[in-house]
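Source file: my_file16.txt; contents: compact mmCIF, C-alpha atoms.
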```txt
# COMPACT_ATOMS: atom_id res chain seq x y z
CA MET W 10 214.13 119.38 90.89
CA ALA W 11 216.62 121.92 89.46
CA ALA W 12 219.50 119.45 89.74
CA ALA W 13 217.51 116.81 87.93
CA ALA W 14 216.72 119.30 85.19
CA ASN W 15 220.45 120.16 84.83
CA ARG W 16 221.36 116.46 84.51
CA ILE W 17 218.75 115.92 81.84
CA GLY W 18 220.06 119.03 80.01
CA GLU W 19 223.56 117.63 79.83
CA GLY W 20 222.43 114.84 77.46
CA GLY W 21 222.69 114.76 73.66
CA SER W 22 219.58 116.93 73.12
CA GLY W 23 220.37 119.31 75.90
CA VAL W 24 219.25 122.45 74.13
CA ALA W 25 215.65 121.24 73.54
CA LEU W 26 215.25 119.77 77.04
CA ARG W 27 216.75 122.76 78.77
CA GLY W 28 214.07 125.00 77.28
CA GLY W 29 211.24 122.76 78.61
CA VAL W 30 212.82 122.48 82.04
CA ASP W 31 213.17 126.21 82.26
CA GLU W 32 209.48 126.65 81.48
CA LEU W 33 208.49 124.09 84.16
CA ARG W 34 210.79 125.77 86.70
CA ALA W 35 209.26 129.15 85.90
CA MET W 36 205.74 127.72 86.34
CA LEU W 37 206.59 126.24 89.73
CA ASP W 38 208.11 129.51 90.87
CA GLU W 39 204.93 131.32 89.76
CA LEU W 40 202.66 128.89 91.65
CA GLU W 41 204.78 129.19 94.80
CA GLY W 42 204.39 132.93 94.68
CA ASP W 43 200.59 132.77 94.23
CA ALA W 44 199.00 133.48 97.66
CA GLY W 45 195.68 131.81 96.71
CA VAL W 46 197.31 128.54 95.72
CA GLN W 47 199.44 128.58 98.87
CA ALA W 48 196.37 129.12 101.06
CA LYS W 49 194.60 126.11 99.49
CA LEU W 50 197.68 123.93 100.02
CA ASP W 51 197.87 124.99 103.68
CA ARG W 52 194.24 123.93 104.32
CA MET W 53 194.66 120.45 102.83
CA PRO W 54 195.47 117.76 105.46
CA LEU W 55 198.60 115.80 104.73
CA PRO W 56 198.50 112.03 105.22
CA SER W 57 200.70 110.71 107.99
CA ALA W 58 201.24 107.34 106.36
CA VAL W 59 204.68 106.32 105.29
CA ALA W 60 205.73 106.86 101.74
CA GLY W 61 204.18 104.41 99.32
CA ALA W 62 201.35 103.32 101.74
CA SER W 63 197.74 103.21 100.51
CA ILE W 64 195.29 105.61 102.17
CA ILE W 65 191.79 104.04 102.77
CA TYR W 66 188.72 106.01 103.84
CA ARG W 67 185.68 104.22 105.49
CA ASP W 68 182.38 104.84 103.72
CA ALA W 69 179.92 106.81 105.93
CA ASP W 70 177.05 104.37 105.27
CA ASP W 71 179.25 101.46 106.38
CA VAL W 72 180.01 103.24 109.64
CA THR W 73 176.30 103.85 110.28
CA THR W 74 175.42 100.20 109.53
CA ILE W 75 178.16 98.88 111.81
CA ASN W 76 177.02 101.14 114.64
CA ARG W 77 173.40 99.98 114.30
CA MET W 78 174.39 96.32 114.20
CA THR W 79 176.50 96.81 117.29
CA TRP W 80 173.55 98.28 119.20
CA VAL W 81 171.22 95.51 118.03
CA ASN W 82 173.66 92.85 119.16
CA LEU W 83 173.98 94.54 122.55
CA ILE W 84 170.18 94.67 122.99
CA VAL W 85 169.75 91.01 121.99
CA ALA W 86 172.50 89.94 124.34
CA THR W 87 170.89 91.89 127.18
CA LEU W 88 167.48 90.30 126.55
CA LEU W 89 169.01 86.83 126.47
CA ALA W 90 170.77 87.48 129.76
CA VAL W 91 167.56 88.74 131.40
CA SER W 92 165.62 85.73 130.09
CA LEU W 93 168.25 83.36 131.43
CA ILE W 94 168.17 84.99 134.86
CA PHE W 95 164.34 84.91 134.91
CA ASN W 96 164.27 81.20 134.02
CA VAL W 97 166.77 80.41 136.73
CA VAL W 98 164.67 82.32 139.29
CA LEU W 99 161.48 80.49 138.24
CA TYR W 100 163.22 77.16 138.46
CA ALA W 101 164.73 77.88 141.87
CA ARG W 102 161.74 79.44 143.65
CA ARG W 103 159.02 77.46 145.40
CA PRO W 104 155.79 76.79 143.45
CA SER W 105 153.06 79.41 143.88
CA LEU W 106 150.13 77.06 143.13
CA VAL W 107 149.75 73.50 144.33
CA VAL W 108 146.48 71.58 143.93
CA VAL W 109 146.09 68.56 146.19
CA ASP W 110 143.12 66.19 146.34
CA LYS W 111 142.23 66.00 150.02
CA THR W 112 140.51 62.65 149.65
CA THR W 113 143.66 60.86 148.45
CA GLY W 114 146.48 63.28 149.21
CA GLN W 115 147.62 63.12 145.59
CA THR W 116 149.15 66.24 144.05
CA LEU W 117 147.29 67.20 140.90
CA VAL W 118 148.94 70.45 139.82
CA VAL W 119 152.18 72.27 140.62
CA ASP W 120 152.00 75.69 138.97
CA ASP W 121 151.25 74.85 135.32
CA ARG W 122 152.31 71.21 135.48
CA GLU W 123 149.61 68.57 135.65
CA TYR W 124 150.08 65.28 137.45
CA GLY W 125 147.10 63.13 136.48
CA LYS W 126 143.73 62.52 138.07
CA THR W 127 142.01 60.96 141.06
CA PRO W 128 138.51 59.51 141.53
CA ALA W 129 137.37 62.92 142.81
CA ALA W 130 139.16 65.27 140.38
CA GLN W 131 140.77 65.35 136.97
CA MET W 132 143.03 67.89 135.26
CA MET W 133 142.50 68.16 131.51
CA SER W 134 142.27 70.61 128.63
CA ASP W 135 139.30 72.97 128.65
CA ASN W 136 136.07 71.24 127.70
CA LEU W 137 132.49 72.26 128.53
CA LEU W 138 130.87 69.45 130.54
CA PRO W 139 127.19 68.56 131.12
CA GLU W 140 127.77 68.74 134.89
CA GLN W 141 128.70 72.40 134.53
CA LYS W 142 125.52 73.07 132.59
CA ILE W 143 123.44 71.49 135.37
CA TYR W 144 125.33 73.46 138.01
CA LEU W 145 124.57 76.75 136.23
CA VAL W 146 120.85 75.88 135.94
CA LYS W 147 120.55 74.99 139.63
CA GLU W 148 122.23 78.23 140.68
CA TYR W 149 120.08 80.23 138.29
CA LEU W 150 116.79 78.79 139.56
CA SER W 151 117.95 79.21 143.14
CA GLY W 152 118.22 82.95 142.45
CA ILE W 153 114.79 83.08 140.82
CA TYR W 154 112.77 80.98 143.29
CA GLY W 155 114.82 81.24 146.49
CA ILE W 156 113.63 84.64 147.62
CA ASN W 157 115.32 86.69 150.31
CA GLN W 158 114.03 90.25 150.52
CA ALA W 159 117.21 91.44 152.25
CA THR W 160 119.26 90.58 149.12
CA ARG W 161 116.56 90.27 146.44
CA GLY W 162 118.09 92.88 144.16
CA ALA W 163 121.47 91.17 144.20
CA GLN W 164 119.81 87.77 143.64
CA ILE W 165 118.02 88.93 140.50
CA GLN W 166 121.06 90.78 139.21
CA ARG W 167 123.20 87.66 139.62
CA ALA W 168 120.59 85.54 137.83
CA ILE W 169 120.25 87.98 134.93
CA ARG W 170 124.02 87.96 134.42
CA MET W 171 123.83 84.20 133.92
CA MET W 172 121.51 84.71 130.94
CA HIS W 173 122.19 85.22 127.26
CA PRO W 174 122.71 88.96 126.57
CA ASP W 175 119.60 89.18 124.36
CA THR W 176 117.15 87.43 126.69
CA ALA W 177 118.68 89.02 129.78
CA THR W 178 117.56 92.40 128.50
CA GLN W 179 114.08 91.05 127.71
CA TYR W 180 113.69 89.47 131.15
CA ALA W 181 114.88 92.61 132.96
CA THR W 182 112.42 94.68 130.93
CA TRP W 183 109.57 92.30 131.80
CA LEU W 184 110.38 92.49 135.52
CA ALA W 185 110.43 96.29 135.43
CA ARG W 186 107.31 96.67 133.31
CA ASN W 187 105.21 94.36 135.51
CA LYS W 188 106.76 95.64 138.75
CA VAL W 189 107.38 92.06 139.88
CA LEU W 190 110.02 92.87 142.44
CA GLU W 191 107.99 95.75 143.86
CA ALA W 192 104.98 93.45 144.33
CA GLN W 193 107.12 90.82 146.06
CA GLU W 194 108.55 93.44 148.37
CA ALA W 195 105.11 94.88 149.18
CA GLU W 196 103.83 91.43 150.16
CA ALA W 197 107.07 90.56 151.99
CA TRP W 198 107.75 87.46 149.90
CA GLN W 199 110.21 85.02 151.42
CA ALA W 200 110.87 81.60 149.92
CA THR W 201 113.20 78.62 149.99
CA TRP W 202 113.97 76.49 146.97
CA ALA W 203 114.95 72.83 147.26
CA VAL W 204 115.95 70.46 144.45
CA GLU W 205 117.06 66.85 144.65
CA ASP W 206 119.71 65.69 142.21
CA LYS W 207 117.44 62.92 140.90
CA ASN W 208 114.96 65.60 139.78
CA VAL W 209 117.46 67.31 137.47
CA THR W 210 117.68 65.75 133.99
CA VAL W 211 119.04 66.59 130.57
CA ASP W 212 116.69 66.01 127.65
CA PRO W 213 118.02 63.00 125.69
CA LYS W 214 116.65 64.46 122.44
CA ASP W 215 118.14 67.92 122.97
CA ASP W 216 121.00 68.22 125.44
CA ARG W 217 120.53 71.98 125.57
CA ILE W 218 117.33 71.53 127.59
CA VAL W 219 117.62 70.86 131.32
CA THR W 220 114.48 69.92 133.28
CA VAL W 221 114.32 70.67 137.00
CA VAL W 222 111.57 69.73 139.42
CA GLY W 223 111.89 71.64 142.69
CA GLU W 224 109.89 72.62 145.73
CA GLN W 225 109.35 76.23 146.67
CA THR W 226 108.13 77.03 150.16
CA LEU W 227 106.69 80.51 149.96
CA SER W 228 105.48 82.82 152.71
CA ARG W 229 103.90 86.21 152.06
CA MET W 230 101.44 88.74 153.40
CA LYS W 231 97.87 88.28 152.21
CA GLY W 232 94.80 89.97 153.62
CA GLY W 233 96.75 91.39 156.51
CA ARG W 234 98.15 88.06 157.65
CA MET W 235 101.17 85.97 156.81
CA VAL W 236 100.36 82.84 154.79
CA GLN W 237 102.51 79.97 153.63
CA GLN W 238 102.28 77.72 150.59
CA LYS W 239 104.31 74.89 149.07
CA LEU W 240 104.64 74.71 145.31
CA ILE W 241 106.05 71.90 143.19
CA ILE W 242 107.38 73.57 140.06
CA ASN W 243 108.61 71.91 136.86
CA VAL W 244 111.03 74.20 135.01
CA LYS W 245 112.47 73.62 131.55
CA VAL W 246 115.61 75.65 130.94
CA LEU W 247 117.25 76.17 127.54
CA VAL W 248 121.02 76.45 128.00
CA LEU W 249 123.43 77.64 125.30
CA VAL W 250 127.18 77.99 125.07
CA SER W 251 128.12 81.48 126.18
CA PRO W 252 128.66 83.88 123.24
CA THR W 253 131.14 85.97 125.24
CA GLU W 254 134.92 85.85 125.05
CA PRO W 255 136.28 84.27 127.08
CA LYS W 256 133.39 81.83 127.37
CA ARG W 257 134.17 81.11 131.01
CA ASN W 258 133.73 84.18 133.20
CA ASP W 259 132.44 85.21 136.61
CA HIS W 260 128.96 85.98 135.27
CA ASN W 261 128.34 82.38 134.19
CA LEU W 262 130.21 80.98 137.21
CA GLN W 263 133.12 79.86 135.00
CA THR W 264 130.91 77.20 133.36
CA GLY W 265 131.04 78.51 129.80
CA PHE W 266 127.23 78.27 129.45
CA CYS W 267 124.36 80.77 129.68
CA VAL W 268 120.61 80.51 130.24
CA TYR W 269 118.67 81.50 127.14
CA LYS W 270 115.12 81.08 128.45
CA PHE W 271 113.13 79.10 131.00
CA LYS W 272 109.52 77.92 131.20
CA PRO W 273 108.02 77.11 134.62
CA LYS W 274 104.89 75.08 135.30
CA VAL W 275 103.33 74.55 138.72
CA ILE W 276 102.37 70.87 138.92
CA ASN W 277 101.17 70.89 142.51
CA ALA W 278 100.31 73.63 144.99
CA SER W 279 99.21 73.18 148.56
CA GLU W 280 96.43 75.24 150.05
CA GLU W 281 97.55 78.50 151.54
CA SER W 282 97.79 78.13 155.30
CA GLN W 283 98.58 80.50 158.08
CA PHE W 284 102.26 80.89 158.68
CA VAL W 285 102.97 79.22 162.03
CA LEU W 286 106.14 79.47 164.10
CA MET W 287 107.49 76.31 165.67
CA ASN W 288 106.76 77.50 169.23
CA ASP W 289 103.24 78.85 168.59
CA GLY W 290 100.70 77.45 171.08
CA LYS W 291 103.38 76.60 173.59
CA GLU W 292 104.03 78.34 176.86
```
Any chance you could put this one into structure tokens?
Amino acid sequence: MAAAANRIGEGGSGVALRGGVDELRAMLDELEGDAGVQAKLDRMPLPSAVAGASIIYRDADDVTTINRMTWVNLIVATLLAVSLIFNVVLYARRPSLVVVDKTTGQTLVVDDREYGKTPAAQMMSDNLLPEQKIYLVKEYLSGIYGINQATRGAQIQRAIRMMHPDTATQYATWLARNKVLEAQEAEAWQATWAVEDKNVTVDPKDDRIVTVVGEQTLSRMKGGRMVQQKLIINVKVLVLVSPTEPKRNDHNLQTGFCVYKFKPKVINASEESQFVLMNDGKE
């Protein structure tokens, strides 16, 4: 710097320039001797780039964004790889569910794939059918009128679960208040319930009403002896679509229906006779 100042001073206006250069040289010498300035200069990092190169610093927010995007891409790639492996395994493994119609030998379902229908079975989207309504009614009345004292509590509990939640509570309350089950147990009630398919009909004016005519053969203790009686009972049952979700469940036997109320009427009753075993009177 001193040499450059001397060369400038040798020009035509050397006297004026020499004075300015001397002042600048004195200022630089003063700064070099200042310990505080020297300490600050020592702490400053010097760029290692070549002379004339531009120095670029990455913004901190950009670095954070790039790191996050990198992690997201890694997670997505991992999920895609796992999904691909899972699909390959499902495709390669043997089916876990196969439905075959035994009458024809035709395969109806392989896992979740449907393969048509046969005269005995059909695979289709969920739809509540009248046959399911009739099935529920027959099972319900079997629990009410087919009495087995060894399992009577379970029979009634199963029947009540088939009912609409509101009327189920009412019917259970009526049974408890009138001590119906206790009276049946005290008299050792035992009964069978038989219904022919031709005696089960759906009301053409209101398809919610199913009419069943069945025969109950009842034996019970009366006056210290066992008596037997046959009853022909006409029962009208009001059936509604189940209000529960899902509609099909174990309580309604996967039918999607529920019994709202029923009204029985005895249309014929035989005289009570002594209960006789088949081998009575024989040696």
Would you kindly return, as a list of chain:residue names, each protein, DNA or RNA residue with an atom no farther than 9 Å from any atom of Ile169 in chain W, considering all atoms listed in the file and excluding same-chain residues fewer than 3 positions away?
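Returned residues: W:Tyr149, W:Gln164, W:Ile165, W:Gln166, W:Met172, W:His173, W:Pro174, W:Thr176, W:Ala177, W:Thr178, W:Tyr180, W:Ala181, W:His260, W:Val268.
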Polymer residues at most 12 Å from Asp215 in chain W, all atoms listed in the file, same-chain spacing of 4 or more positions, as a PDB file with C-alpha atoms, in the frame of the given file:
```pdb
ATOM      1  CA  THR W 210     117.680  65.750 133.990  1.00  0.00           C
ATOM      2  CA  VAL W 211     119.040  66.590 130.570  1.00  0.00           C
ATOM      3  CA  VAL W 219     117.620  70.860 131.320  1.00  0.00           C
ATOM      4  CA  THR W 220     114.480  69.920 133.280  1.00  0.00           C
ATOM      5  CA  LYS W 245     112.470  73.620 131.550  1.00  0.00           C
ATOM      6  CA  VAL W 246     115.610  75.650 130.940  1.00  0.00           C
ATOM      7  CA  LEU W 247     117.250  76.170 127.540  1.00  0.00           C
ATOM      8  CA  VAL W 248     121.020  76.450 128.000  1.00  0.00           C
ATOM      9  CA  LEU W 249     123.430  77.640 125.300  1.00  0.00           C
TER      10      LEU W 249
END
```
Just the residues within 9 Å of range 184-200 of chain W, please, counting only C-alpha atoms, with nothing from its chain fewer than 6 positions along; format it as a list in words.
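Listed by chain and then number, they are Tyr154, Gly155, Ile156, Asn157, Gln158, Arg161, Gly162, Gln225, Thr226, Leu227, Ser228, Arg229, Met230, Lys231 and Met235 of chain W.
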Interatomic distance, CA of Pro273 in chain W to CA of Val204 in chain W (Å, one decimal):
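One can read the CA of Pro273 in chain W to CA of Val204 in chain W distance as 14.3 Å.
Computed from the coordinates, the CA of Ser151 in chain W to CA of Lys256 in chain W distance equals 22.2 Å.
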What gap, in Å, lies between CA of Leu262 in chain W and CA of Leu145 in chain W?
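Between these atoms lies a distance of 7.1 Å.
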Using all atoms listed in the file, which residues sit within 8 Å of Lys142 in chain W once same-chain residues fewer than 4 positions away are excluded, as a PyMOL selection string?
chain W and resi 138+146+248+264+266
Choose the residue, out of W:Val222, W:Ala203, W:Leu83, W:Met171, that has the smallest atom-to-atom separation from Gln263 in chain W; count all atoms listed in the file.
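Of W:Val222, W:Ala203, W:Leu83, W:Met171, the one nearest Gln263 in chain W is W:Met171, counting all atoms listed in the file.
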Nearby residues, (124.0, 69.4, 139.0) file frame, 10 Å, all atoms listed in the file, as a VMD selection string
chain W and resid 139 to 148 204 to 210 221
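Among the candidates W:Val118, W:Ile218, W:Leu150, W:Val81, the residue lying nearest to Arg167 in chain W is W:Leu150 (atoms considered: only C-alpha atoms).
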Counting all atoms listed in the file, figure out which residue out of W:Leu137, W:Leu40, W:Thr201, W:Lys270 gets nearest to Arg257 in chain W.
W:Leu137
